[in-house]
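Coordinates as given in query25.cif (mmCIF, C-alpha atoms and all ligand atoms):
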```cif
data_final
loop_
_atom_site.label_atom_id
_atom_site.label_comp_id
_atom_site.auth_asym_id
_atom_site.auth_seq_id
_atom_site.Cartn_x
_atom_site.Cartn_y
_atom_site.Cartn_z
CA THR A 1 123.62 112.72 103.78
CA ALA A 2 123.72 111.26 100.29
CA ARG A 3 121.93 108.19 98.97
CA GLN A 4 121.86 105.38 101.49
CA LEU A 5 121.60 101.66 100.75
CA VAL A 6 119.95 99.27 103.20
CA LEU A 7 119.68 95.49 103.08
CA GLY A 8 116.42 94.22 104.58
CA ILE A 9 115.70 90.68 105.77
CA GLU A 10 112.23 89.24 106.45
CA THR A 11 111.71 85.79 108.00
CA SER A 12 108.83 86.21 110.45
CA CYS A 13 106.38 83.85 108.75
CA ASP A 14 106.57 81.64 105.66
CA GLU A 15 108.44 83.93 103.26
CA THR A 16 112.23 83.99 103.20
CA ALA A 17 112.88 87.45 101.80
CA ALA A 18 115.71 89.94 101.28
CA SER A 19 115.91 93.25 99.45
CA VAL A 20 118.18 96.20 98.86
CA VAL A 21 116.50 99.60 98.93
CA ALA A 22 118.05 103.00 98.31
CA ARG A 23 116.88 106.15 100.03
CA ASP A 24 117.86 109.50 98.54
CA ALA A 25 118.64 112.55 100.64
CA ASP A 26 115.20 113.97 99.76
CA GLY A 27 113.50 110.89 101.23
CA ARG A 28 112.67 109.18 97.97
CA GLY A 29 113.08 105.42 97.88
CA THR A 30 114.05 103.00 95.13
CA ILE A 31 113.84 99.22 95.27
CA LEU A 32 117.08 97.83 93.82
CA SER A 33 116.12 94.19 94.42
CA ASN A 34 113.31 92.28 96.11
CA VAL A 35 113.76 88.52 96.41
CA VAL A 36 110.94 86.52 98.00
CA LEU A 37 111.05 82.74 98.41
CA SER A 38 107.65 81.40 99.42
CA GLN A 39 107.46 78.29 101.59
CA ILE A 40 103.81 77.64 100.71
CA ALA A 41 104.65 74.26 99.16
CA ASP A 42 106.42 73.17 102.38
CA HIS A 43 103.32 73.86 104.48
CA ALA A 44 100.42 73.09 102.09
CA ALA A 45 100.10 69.47 103.20
CA PHE A 46 99.53 70.65 106.78
CA GLY A 47 96.86 73.22 105.90
CA GLY A 48 98.82 76.03 107.54
CA VAL A 49 102.27 77.27 108.48
CA VAL A 50 104.20 74.84 110.71
CA PRO A 51 106.62 77.00 112.78
CA GLU A 52 109.39 74.41 113.08
CA ILE A 53 109.35 73.67 109.35
CA ALA A 54 109.34 77.40 108.62
CA ALA A 55 112.38 78.07 110.82
CA ARG A 56 114.38 75.26 109.24
CA ALA A 57 113.45 76.37 105.73
CA HIS A 58 114.64 79.92 106.55
CA VAL A 59 118.00 78.51 107.71
CA GLU A 60 118.38 76.55 104.48
CA ALA A 61 117.42 79.39 102.14
CA LEU A 62 118.38 82.69 103.71
CA ASP A 63 122.04 82.94 102.69
CA GLN A 64 121.15 82.32 99.04
CA VAL A 65 118.24 84.76 99.19
CA VAL A 66 120.51 87.47 100.64
CA ALA A 67 123.17 86.73 98.00
CA ALA A 68 120.54 86.98 95.26
CA ALA A 69 119.23 90.30 96.62
CA LEU A 70 122.75 91.75 96.67
CA ALA A 71 123.58 90.41 93.20
CA GLU A 72 120.38 91.80 91.68
CA ALA A 73 121.12 95.19 93.23
CA ARG A 74 124.73 94.93 91.99
CA ALA A 75 125.86 95.64 95.53
CA ASP A 76 128.38 94.17 97.95
CA PHE A 77 128.22 94.33 101.72
CA GLY A 78 130.71 97.18 101.43
CA ASP A 79 128.21 99.29 99.46
CA LEU A 80 125.59 99.09 102.21
CA ASP A 81 124.94 101.74 104.85
CA ALA A 82 122.97 99.47 107.19
CA VAL A 83 121.37 96.07 107.55
CA ALA A 84 117.80 95.73 108.79
CA ALA A 85 115.85 92.64 109.81
CA THR A 86 112.42 91.86 111.18
CA ALA A 87 112.86 91.41 114.95
CA GLY A 88 109.19 90.58 115.56
CA PRO A 89 106.31 90.05 115.90
CA GLY A 90 106.15 86.62 114.28
CA LEU A 91 107.07 82.97 114.55
CA ILE A 92 110.04 83.18 116.87
CA GLY A 93 112.21 80.49 115.22
CA GLY A 94 112.11 82.29 111.91
CA VAL A 95 112.60 85.73 113.46
CA ILE A 96 115.74 84.47 115.23
CA VAL A 97 117.14 83.13 111.94
CA GLY A 98 116.71 86.47 110.14
CA LEU A 99 117.76 88.71 113.00
CA THR A 100 120.84 86.63 113.82
CA THR A 101 121.87 86.62 110.17
CA ALA A 102 121.54 90.41 110.07
CA LYS A 103 123.63 90.71 113.23
CA ALA A 104 126.35 88.53 111.73
CA ILE A 105 126.41 90.66 108.56
CA ALA A 106 126.45 93.87 110.63
CA LEU A 107 129.35 92.60 112.72
CA ALA A 108 131.38 91.21 109.82
CA ALA A 109 130.83 94.20 107.51
CA GLY A 110 130.96 96.88 110.20
CA LEU A 111 127.42 98.10 109.49
CA PRO A 112 124.77 99.51 111.81
CA LEU A 113 121.93 97.14 112.64
CA ILE A 114 118.26 98.10 112.59
CA ALA A 115 115.79 95.77 114.32
CA VAL A 116 112.51 96.43 112.53
CA ASN A 117 108.99 95.79 113.77
CA HIS A 118 107.29 93.83 110.98
CA LEU A 119 104.13 95.92 111.37
CA GLU A 120 106.16 99.10 110.93
CA GLY A 121 107.42 97.62 107.67
CA HIS A 122 103.82 97.30 106.44
CA ALA A 123 102.96 100.73 107.84
CA LEU A 124 105.73 102.62 106.00
CA THR A 125 105.60 100.82 102.63
CA ALA A 126 103.28 103.44 101.12
CA ARG A 127 105.98 106.07 101.68
CA LEU A 128 108.30 104.01 99.51
CA THR A 129 105.76 103.28 96.78
CA ASP A 130 103.70 106.48 96.79
CA GLY A 131 105.83 108.99 98.71
CA LEU A 132 102.99 109.50 101.19
CA ALA A 133 103.33 112.22 103.81
CA PHE A 134 102.28 111.69 107.45
CA PRO A 135 99.65 111.31 108.82
CA TYR A 136 97.59 108.63 107.10
CA LEU A 137 95.40 105.66 107.98
CA LEU A 138 96.54 102.09 107.49
CA LEU A 139 94.33 99.02 107.20
CA LEU A 140 96.50 95.95 107.68
CA VAL A 141 94.72 92.71 106.81
CA SER A 142 96.95 89.63 106.69
CA GLY A 143 97.00 86.07 107.98
CA GLY A 144 98.35 87.21 111.32
CA HIS A 145 97.07 90.77 111.74
CA THR A 146 93.91 92.80 111.33
CA GLN A 147 94.48 96.36 112.45
CA ILE A 148 93.60 99.94 111.72
CA LEU A 149 96.49 102.24 112.54
CA LEU A 150 97.03 105.96 112.56
CA VAL A 151 100.52 106.44 111.11
CA SER A 152 101.81 109.88 112.07
CA GLY A 153 105.58 109.46 111.97
CA VAL A 154 108.39 106.90 111.90
CA GLY A 155 107.80 105.08 115.18
CA VAL A 156 104.68 107.11 115.91
CA TYR A 157 101.62 104.89 115.59
CA GLU A 158 98.23 104.68 117.26
CA ARG A 159 96.23 101.50 117.04
CA TRP A 160 92.63 102.50 116.43
CA GLY A 161 91.27 99.04 115.85
CA THR A 162 92.30 95.42 116.10
CA THR A 163 90.69 92.01 115.99
CA ILE A 164 89.47 90.62 119.27
CA ASP A 165 89.80 87.05 117.95
CA ASP A 166 90.85 85.80 114.46
CA ALA A 167 92.75 87.81 111.87
CA LEU A 168 90.83 88.28 108.63
CA GLY A 169 93.25 86.16 106.57
CA GLU A 170 93.04 83.48 109.26
CA ALA A 171 89.23 83.55 108.93
CA PHE A 172 89.57 83.11 105.15
CA ASP A 173 91.99 80.22 105.73
CA LYS A 174 89.72 78.53 108.30
CA THR A 175 86.70 78.96 106.03
CA ALA A 176 88.60 77.30 103.20
CA LYS A 177 89.66 74.40 105.41
CA LEU A 178 86.10 73.92 106.64
CA LEU A 179 84.81 73.79 103.08
CA GLY A 180 87.54 71.46 101.83
CA LEU A 181 89.37 74.12 99.81
CA PRO A 182 93.19 74.22 99.59
CA TYR A 183 95.64 76.35 101.60
CA PRO A 184 96.18 79.30 101.47
CA GLY A 185 92.47 79.79 101.80
CA GLY A 186 92.00 83.40 100.73
CA PRO A 187 92.59 82.94 96.99
CA ALA A 188 90.63 79.66 97.00
CA VAL A 189 87.63 81.26 98.73
CA GLU A 190 87.75 84.21 96.36
CA ARG A 191 87.80 81.94 93.33
CA ALA A 192 84.89 79.81 94.61
CA ALA A 193 82.89 82.91 95.55
CA GLU A 194 82.95 84.14 91.95
CA THR A 195 80.23 81.66 90.99
CA GLY A 196 78.39 81.87 94.31
CA ASP A 197 75.13 83.53 95.31
CA PRO A 198 75.99 85.82 98.22
CA ALA A 199 72.32 86.10 99.26
CA ARG A 200 71.55 82.40 99.80
CA PHE A 201 73.21 82.14 103.21
CA VAL A 202 72.89 85.00 105.67
CA LEU A 203 75.69 85.24 108.20
CA PRO A 204 75.88 87.45 111.31
CA ARG A 205 77.82 90.69 110.88
CA PRO A 206 79.92 90.95 114.04
CA MET A 207 80.73 94.42 115.40
CA ILE A 208 78.77 96.34 112.74
CA GLY A 209 77.29 99.48 114.21
CA ARG A 210 79.35 99.29 117.39
CA PRO A 211 81.48 102.29 118.27
CA GLY A 212 85.20 102.17 117.52
CA SER A 213 87.11 100.17 114.93
CA ASP A 214 87.68 96.75 116.48
CA PHE A 215 87.01 93.56 114.51
CA SER A 216 85.71 90.10 115.31
CA PHE A 217 85.57 87.17 112.91
CA SER A 218 85.27 84.01 114.99
CA GLY A 219 81.47 84.21 115.31
CA LEU A 220 81.21 84.51 111.54
CA LYS A 221 83.29 81.38 111.12
CA THR A 222 81.14 79.46 113.64
CA ALA A 223 77.92 80.51 111.91
CA LEU A 224 79.37 79.46 108.58
CA ARG A 225 80.25 76.04 109.98
CA GLN A 226 76.70 75.57 111.30
CA GLN A 227 75.12 76.55 108.00
CA ALA A 228 77.53 74.29 106.09
CA GLU A 229 76.66 71.36 108.38
CA ALA A 230 72.97 72.00 107.82
CA VAL A 231 73.26 71.48 104.05
CA ALA A 232 76.04 68.83 104.03
CA PRO A 233 77.13 66.95 101.98
CA LEU A 234 78.25 70.09 100.17
CA SER A 235 77.92 70.42 96.41
CA ASP A 236 80.26 72.73 94.50
CA GLN A 237 77.41 75.24 94.34
CA ASP A 238 76.92 75.05 98.13
CA VAL A 239 80.63 75.76 98.61
CA ALA A 240 80.49 78.66 96.15
CA ASP A 241 77.43 80.15 97.88
CA LEU A 242 78.99 79.80 101.34
CA CYS A 243 82.23 81.43 100.12
CA ALA A 244 80.29 84.31 98.58
CA ALA A 245 78.33 84.77 101.83
CA PHE A 246 81.55 84.78 103.85
CA GLU A 247 83.23 87.26 101.52
CA VAL A 248 80.38 89.80 101.43
CA THR A 249 79.91 89.58 105.19
CA ALA A 250 83.60 89.97 106.04
CA THR A 251 83.81 92.84 103.55
CA ALA A 252 80.81 94.59 105.11
CA VAL A 253 82.42 94.30 108.54
CA VAL A 254 85.67 95.83 107.32
CA ALA A 255 83.85 98.64 105.49
CA ASP A 256 81.90 99.50 108.64
CA ARG A 257 84.98 99.47 110.86
CA ILE A 258 86.98 101.64 108.49
CA ALA A 259 84.10 104.12 108.19
CA HIS A 260 84.44 104.75 111.93
CA ALA A 261 88.16 105.34 111.51
CA PHE A 262 87.49 107.82 108.67
CA GLU A 263 85.23 109.83 110.99
CA ARG A 264 87.81 109.81 113.76
CA PHE A 265 90.58 110.88 111.38
CA ARG A 266 88.43 113.73 110.04
CA ALA A 267 87.80 114.96 113.57
CA ALA A 268 91.51 114.78 114.45
CA PHE A 269 92.82 116.36 111.21
CA PRO A 270 90.11 118.63 109.77
CA GLU A 271 92.78 120.59 107.83
CA ILE A 272 93.74 117.61 105.60
CA ALA A 273 91.62 117.87 102.47
CA ALA A 274 92.20 114.47 100.87
CA PRO A 275 93.64 112.08 103.43
CA ALA A 276 94.91 108.63 102.47
CA LEU A 277 93.87 105.15 103.49
CA VAL A 278 96.62 102.62 102.80
CA VAL A 279 95.76 98.93 102.57
CA ALA A 280 98.38 96.27 103.26
CA GLY A 281 98.54 92.55 103.94
CA GLY A 282 97.70 89.51 101.83
CA VAL A 283 93.93 89.94 102.14
CA ALA A 284 94.28 93.29 100.35
CA ALA A 285 94.47 91.13 97.20
CA ASN A 286 90.77 90.35 97.55
CA ARG A 287 88.85 92.14 94.80
CA ARG A 288 85.52 92.34 96.61
CA LEU A 289 87.26 93.88 99.61
CA ARG A 290 89.20 96.34 97.43
CA THR A 291 86.04 97.46 95.67
CA ALA A 292 84.20 97.98 98.96
CA LEU A 293 87.13 99.91 100.41
CA ALA A 294 87.38 102.11 97.34
CA GLU A 295 83.66 102.91 97.67
CA ALA A 296 83.89 103.59 101.41
CA ALA A 297 86.97 105.76 100.91
CA ALA A 298 85.38 107.75 98.07
CA ALA A 299 82.24 108.32 100.15
CA ALA A 300 84.35 109.73 102.98
CA GLY A 301 86.64 111.79 100.74
CA PHE A 302 89.68 109.58 101.33
CA ARG A 303 92.21 108.42 98.73
CA LEU A 304 92.70 104.66 98.66
CA VAL A 305 96.39 103.83 98.30
CA ALA A 306 97.02 100.17 97.50
CA PRO A 307 100.69 99.41 96.93
CA PRO A 308 101.42 96.67 94.36
CA LEU A 309 100.46 93.30 95.77
CA LYS A 310 104.03 92.09 95.90
CA LEU A 311 104.71 94.88 98.39
CA CYS A 312 101.43 94.35 100.32
CA THR A 313 102.35 90.79 101.27
CA ASP A 314 105.45 89.98 103.28
CA ASN A 315 108.69 91.00 101.57
CA GLY A 316 112.17 92.28 102.28
CA ALA A 317 111.76 95.71 100.68
CA MET A 318 109.34 96.83 103.38
CA ILE A 319 111.89 95.92 106.03
CA ALA A 320 114.78 97.53 104.15
CA TRP A 321 112.69 100.69 103.68
CA ALA A 322 111.67 100.87 107.36
CA GLY A 323 115.37 100.42 108.11
CA ALA A 324 116.27 103.27 105.74
CA GLU A 325 113.69 105.57 107.36
CA ARG A 326 115.08 104.72 110.80
CA LEU A 327 118.69 105.10 109.64
CA ALA A 328 117.93 108.60 108.36
CA LEU A 329 116.71 109.51 111.85
CA GLY A 330 119.64 107.84 113.59
CA LEU A 331 117.39 105.19 115.14
CA LEU A 332 119.87 102.30 115.33
CA ASP A 333 119.89 99.15 117.44
CA GLY A 334 122.61 97.25 119.26
CA LEU A 335 123.72 93.72 118.52
CA ASP A 336 121.82 92.70 121.66
CA ALA A 337 118.46 93.59 120.06
CA PRO A 338 116.00 90.88 121.09
CA ALA A 339 113.84 88.72 118.83
CA ARG A 340 110.25 89.25 119.96
CA PRO A 341 107.37 86.85 119.26
CA ARG A 342 104.95 89.58 120.37
CA TRP A 343 105.67 93.23 119.73
CA PRO A 344 102.78 95.66 119.49
CA LEU A 345 103.59 98.81 117.54
O1 LIG B 1 100.36 89.24 104.27
P1 LIG B 1 100.35 87.78 104.00
O2 LIG B 1 100.92 87.30 102.70
O3 LIG B 1 101.08 86.99 105.11
C1 LIG B 1 100.90 87.20 106.48
O4 LIG B 1 99.91 86.66 107.02
O5 LIG B 1 101.74 87.92 107.08
O6 LIG B 1 98.81 87.32 104.11
C2 LIG B 1 98.44 86.00 103.90
C3 LIG B 1 96.94 85.91 104.11
C4 LIG B 1 96.43 84.48 104.11
O7 LIG B 1 95.56 84.32 105.21
C5 LIG B 1 95.68 84.37 102.78
O8 LIG B 1 94.62 83.45 102.83
C6 LIG B 1 95.18 85.78 102.61
O9 LIG B 1 96.25 86.60 103.05
N1 LIG B 1 94.87 86.08 101.21
C7 LIG B 1 93.64 86.39 100.75
C8 LIG B 1 93.74 86.53 99.35
N2 LIG B 1 95.05 86.30 99.00
C9 LIG B 1 95.71 86.04 100.16
N3 LIG B 1 92.47 86.55 101.39
C10 LIG B 1 91.39 86.88 100.66
N4 LIG B 1 91.40 87.00 99.31
C11 LIG B 1 92.55 86.84 98.61
N5 LIG B 1 92.56 86.96 97.29
ZN ZN B 2 103.03 90.74 107.22
#
```

Spit out the file's structure as structure tokens when you get a sec.
Ligand code: KG4
Ligand code: ZN
Amino acid sequence: TARQLVLGIETSCDETAASVVARDADGRGTILSNVVLSQIADHAAFGGVVPEIAARAHVEALDQVVAAALAEARADFGDLDAVAATAGPGLIGGVIVGLTTAKAIALAAGLPLIAVNHLEGHALTARLTDGLAFPYLLLLVSGGHTQILLVSGVGVYERWGTTIDDALGEAFDKTAKLLGLPYPGGPAVERAAETGDPARFVLPRPMIGRPGSDFSFSGLKTALRQQAEAVAPLSDQDVADLCAAFEVTATAVVADRIAHAFERFRAAFPEIAAPALVVAGGVAANRRLRTALAEAAAAAGFRLVAPPLKLCTDNGAMIAWAGAERLALGLLDGLDAPARPRWPL
């Protein structure tokens, strides 16, 4: 088959996004457009994403976002080979908006539909950006997910680690809220931590040293709250020191958990000389975390692959690309494909 064009739609959280991606016969991908409309301003006053507001905002914006993605790619519906949309997991109102829109386009334009798992979108992005070959390790750290996955083929994933309570981004967001910092919390905590002393407060390091690659962050958050209450009212320096303590502790936990996954990967694939660790999700923007991961990867002989941030956070290109990979394998879905609030890979 020749070059194939796929429209991808992402509406599972607070980004209304659409993109057109091309996939060449040799498997190489090109992003022709990538339009992302953030709803952060709609939710900021509430300190988090409000599902009902998100769903309504997707309804209002999606047709224009799709039109912009097509225009930027200089494509019409007739140029497309398939339409893909996130079918879950995510906030169900938003997922229904995106998936139903994709179904309508598929029906009207006579295109195949591909119902994409949002996590698969994150998992396959590094093949679009870096042409990675299977297998590789993926660390997904976002507001909704904290997972370590073995990615060994399109649709072939093993979950080696997951959080038993909060996602890492969620822990950043809750820490920010607790300390009176704005939403989204991750960037605010990172900024405050820059002038903080990470050694002043000592927080517990959940899961470190335990076998496996599971995460836990809720105990960390509770300890942080107790230590903040003990020194309240908080000065700017107190906030900075608490943020720095949170960041180094969370980073140490992730580094420990990924080290276990490196060992397991080595044992499973001794023939791969320089395996790759891909990081994805909004928390991958965190510089302290990136530095720690780069060090841990180097120590274990892994390559750290960090796609550009715009492709690490939620976007339409990752969905279009997952759709293109599925299309190439003939993995299509019917117009009865369900929207799924929960959908483990
Ligand atoms: O992947 P993403 O954009 O959306 C989903 O959750 O799907 O991730 C958003 C999360 C938020 O929790 C945000 O606080 C966190 O990523 N985040 C960060 C940073 N930038 C965003 N966390 C730590 N440091 C950052 N610089
Ligand atoms: Zn995501």

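For the set A:Pro89, A:Gly180, A:Gly209, A:Ala322, the residue with the smallest atom-to-atom gap to Pro233 (chain A) is A:Gly180, counting only C-alpha atoms.
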
Report task. Could you please extract the residues within 10 Å of ligand LIG 1 (chain B), counting only C-alpha atoms and all ligand atoms, and hand them back as a VMD selection string? Result -> chain A and resid 12 to 15 38 48 to 49 90 118 to 119 122 140 to 146 167 to 176 182 to 191 247 250 280 to 290 309 to 315

**Report entry** Atomic separation - CA of Ile148 (chain A) relative to CA of Phe215 (chain A), Å
**Finding:** 9.6 Å

Query raised in the report: Do you know which residues are at most 9 Å from Ile31 (chain A) counting all atoms listed in the file, after dropping those on the same chain fewer than 6 positions away, and could you put them as number ranges by chain?
Result: A: 19-23, 73, 128, 317, 321

Just C-alpha atoms for this one: save the residues we selected as an mmCIF file, in the frame of the given file.
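The result, stored in part-v4.cif:
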```cif
data_model
loop_
_atom_site.group_PDB
_atom_site.id
_atom_site.type_symbol
_atom_site.label_atom_id
_atom_site.label_comp_id
_atom_site.auth_asym_id
_atom_site.auth_seq_id
_atom_site.Cartn_x
_atom_site.Cartn_y
_atom_site.Cartn_z
ATOM 1 C CA SER A 19 115.910 93.250 99.450
ATOM 2 C CA VAL A 20 118.180 96.200 98.860
ATOM 3 C CA VAL A 21 116.500 99.600 98.930
ATOM 4 C CA ALA A 22 118.050 103.000 98.310
ATOM 5 C CA ARG A 23 116.880 106.150 100.030
ATOM 6 C CA ALA A 73 121.120 95.190 93.230
ATOM 7 C CA LEU A 128 108.300 104.010 99.510
ATOM 8 C CA ALA A 317 111.760 95.710 100.680
ATOM 9 C CA TRP A 321 112.690 100.690 103.680
#
```

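With all atoms listed in the file as the atoms that count, the residue of A:Ala17, A:Ala82, A:Ala126, A:Cys243 with the shortest distance to Ala57 (chain A) is A:Ala17.
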
Query raised in the report: Do you have the CA of Ile105 (chain A)-CA of Arg127 (chain A) distance handy?
Result: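 Calculated distance between CA of Ile105 (chain A) and CA of Arg127 (chain A) is 26.5 Å.
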
Excluding Leu70 (chain A) and any residue of its chain fewer than 6 positions from it, enumerate the residues within 10 Å of it, using only C-alpha atoms, and give them as a short mmCIF file (atom, residue, chain, number, x, y, z; two decimals) with C-alpha atoms, in the coordinates of the input.
```
data_model
loop_
_atom_site.label_atom_id
_atom_site.label_comp_id
_atom_site.auth_asym_id
_atom_site.auth_seq_id
_atom_site.Cartn_x
_atom_site.Cartn_y
_atom_site.Cartn_z
CA LEU A 7 119.68 95.49 103.08
CA ALA A 18 115.71 89.94 101.28
CA SER A 19 115.91 93.25 99.45
CA VAL A 20 118.18 96.20 98.86
CA LEU A 32 117.08 97.83 93.82
CA SER A 33 116.12 94.19 94.42
CA ASN A 34 113.31 92.28 96.11
CA VAL A 35 113.76 88.52 96.41
CA GLN A 64 121.15 82.32 99.04
CA ASP A 76 128.38 94.17 97.95
CA PHE A 77 128.22 94.33 101.72
CA ASP A 79 128.21 99.29 99.46
CA LEU A 80 125.59 99.09 102.21
#
```

**Report entry** d(CA of Val239 (chain A), CA of Gly196 (chain A)) in Å
**Finding:** 7.8 Å

Query raised in the report: With only C-alpha atoms as the basis for distance, which of A:Leu138, A:Gly153, A:Ala115, A:Asp197 is at the shortest distance from Leu304 (chain A)?
Result: A:Leu138

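In this comparison, which uses all atoms listed in the file, the residue of A:Gly121, A:Asp214, A:Ala68, A:Ala106 approaching ligand ZN 2 (chain B) most closely is A:Gly121.
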
Requested in this report: Go through A:Val6, A:Val59, A:Leu203, A:Val65 one by one, measure the shortest atom-to-atom distance of each to Gly78 (chain A) using all atoms listed in the file, and give the residue with the smallest value.
Outcome: A:Val6

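Of the residues listed (A:Ala268, A:Ala255, A:Ala55, A:Ala274), A:Ala268 shows the shortest atom-to-atom separation from Leu150 (chain A); distances use only C-alpha atoms.
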